[in-house]
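Trainee: For reference, the structure I am asking about is given below.
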Amino acid sequence: MILALLVLVALTLIGISSIQTTIFESSISGNERARVDAFYAAEAGVQAGLREIKERTESYSLSRTKIGEDRYYSVKGEYLGLAHVEGGPSNFEYQRFKINATGEAFGARQEIEVQIKDGPFPSGTGY
């Protein structure tokens with residue numbers, strides 16, 4: 001009887017430990033899913049920011065935009081000026097931008113920064 005009681009206590013402790021481990025692992029996977037969803041929301045913000053740079057020569061921002069259930073992005077685009085490419089023809093230039101996108105999903109946040117050169121465009125007035 002005492003031996004059966006000790007085995008029962010040992011099995012109970014193993015069961016409790018297994019439940020705690022399962023709860024902990026579920027929490028980890030839920031946090032990872034939220035982080036990945038926030039990253040993809042930030043990636044959507046980068047794509048929206050890229051669509052905005054055409055014909056721009058100033059900095060801009062896109063307010064918090066909902067893209068799904070509890071998923072948002074916001075974008076800040078900064079115009080960095082004109083640049084020439086080393087080794088390229090001197091009569092062409094590129095517009096430089098920096099895009100910072102923040103994605104939010106289920107309480108997680110991810111930020112992405114992208115710097116791009118858009119062009120080439122004829123430099124100067126073209127005359």
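Residue numbers start at 1 in each chain; chains themselves are named A, B, ... in the order of the structure tokens; ligands are numbered from 1 in the order shown.
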How close does each residue of region 84-118 of chain A get to region 21-39 of chain A, giving the shortest atom pair and distance in Å to one decimal for every residue with an atom at most 12 Å away, counting only C-alpha atoms, sorted by chain and residue number, as a tab-separated table?

Mentor:
```
residue	atom	partner	partner_atom	distance
A:Ala101	CA	A:Phe39	CA	9.6
A:Thr102	CA	A:Ala38	CA	8.1
A:Gly103	CA	A:Ala38	CA	4.7
A:Glu104	CA	A:Ala38	CA	4.7
A:Ala105	CA	A:Ala38	CA	4.7
A:Phe106	CA	A:Ala34	CA	5.7
A:Gly107	CA	A:Ala34	CA	7.3
A:Ala108	CA	A:Arg35	CA	5.6
A:Arg109	CA	A:Ala38	CA	5.6
A:Gln110	CA	A:Phe39	CA	5.3
A:Glu111	CA	A:Phe39	CA	7.3
A:Ile112	CA	A:Phe39	CA	8.0
A:Glu113	CA	A:Phe39	CA	11.7
```

Trainee: Restricted to N, CA and C atoms, what would the selected residues look like written as a compact mmCIF listing (two decimals), in the first residue's frame?

Mentor:
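The resulting file, part_8.txt, is reproduced below:
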```
# COMPACT_ATOMS: atom_id res chain seq x y z
N ALA A 101 9.75 51.08 -41.37
CA ALA A 101 8.40 50.52 -41.23
C ALA A 101 8.32 49.77 -39.90
N THR A 102 7.23 49.98 -39.20
CA THR A 102 6.97 49.29 -37.94
C THR A 102 5.73 48.43 -38.11
N GLY A 103 5.85 47.17 -37.77
CA GLY A 103 4.72 46.24 -37.81
C GLY A 103 4.31 45.86 -36.41
N GLU A 104 3.02 45.75 -36.19
CA GLU A 104 2.48 45.35 -34.89
C GLU A 104 1.49 44.21 -35.12
N ALA A 105 1.58 43.18 -34.26
CA ALA A 105 0.64 42.07 -34.34
C ALA A 105 0.55 41.41 -32.97
N PHE A 106 -0.64 41.37 -32.44
CA PHE A 106 -0.91 40.67 -31.18
C PHE A 106 0.03 41.11 -30.06
N GLY A 107 0.34 42.40 -30.00
CA GLY A 107 1.19 42.94 -28.95
C GLY A 107 2.67 42.92 -29.24
N ALA A 108 3.10 42.29 -30.33
CA ALA A 108 4.51 42.26 -30.70
C ALA A 108 4.79 43.36 -31.71
N ARG A 109 6.03 43.88 -31.71
CA ARG A 109 6.44 44.93 -32.65
C ARG A 109 7.74 44.52 -33.32
N GLN A 110 7.81 44.80 -34.61
CA GLN A 110 9.04 44.59 -35.38
C GLN A 110 9.27 45.84 -36.21
N GLU A 111 10.53 46.22 -36.35
CA GLU A 111 10.88 47.38 -37.16
C GLU A 111 11.86 46.98 -38.24
N ILE A 112 11.66 47.55 -39.43
CA ILE A 112 12.54 47.30 -40.56
C ILE A 112 12.98 48.65 -41.11
N GLU A 113 14.27 48.77 -41.43
CA GLU A 113 14.77 49.97 -42.10
C GLU A 113 15.35 49.55 -43.45
```

Trainee: Taking only chain A into account, list the residues labelled helix (DSSP H, G or I) by DSSP (computed from the backbone), as a ChimeraX atom specification.

Mentor: /A:2-52

Trainee: Restricting the calculation to only C-alpha atoms: of A:Asp118, A:Ser61, A:Val75, A:Ile19, which residue gets closest to Gly45 (chain A)?

Mentor: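 Once distances to Gly45 (chain A) are computed over only C-alpha atoms, the minimum belongs to A:Val75.
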
Trainee: As an exercise, work out the distance from CA of Lys54 (chain A) to CA of Gly68 (chain A) in Å and give it to one decimal place.

Mentor: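 Distance reported for this atom pair: 26.1 Å.
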
Trainee: Using only C-alpha atoms, can you tell me which of A:Leu82, A:Leu13, A:Ile53, A:Leu8 comes closest to Ile99 (chain A)?

Mentor: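 Smallest separation from Ile99 (chain A) among the options: A:Ile53.
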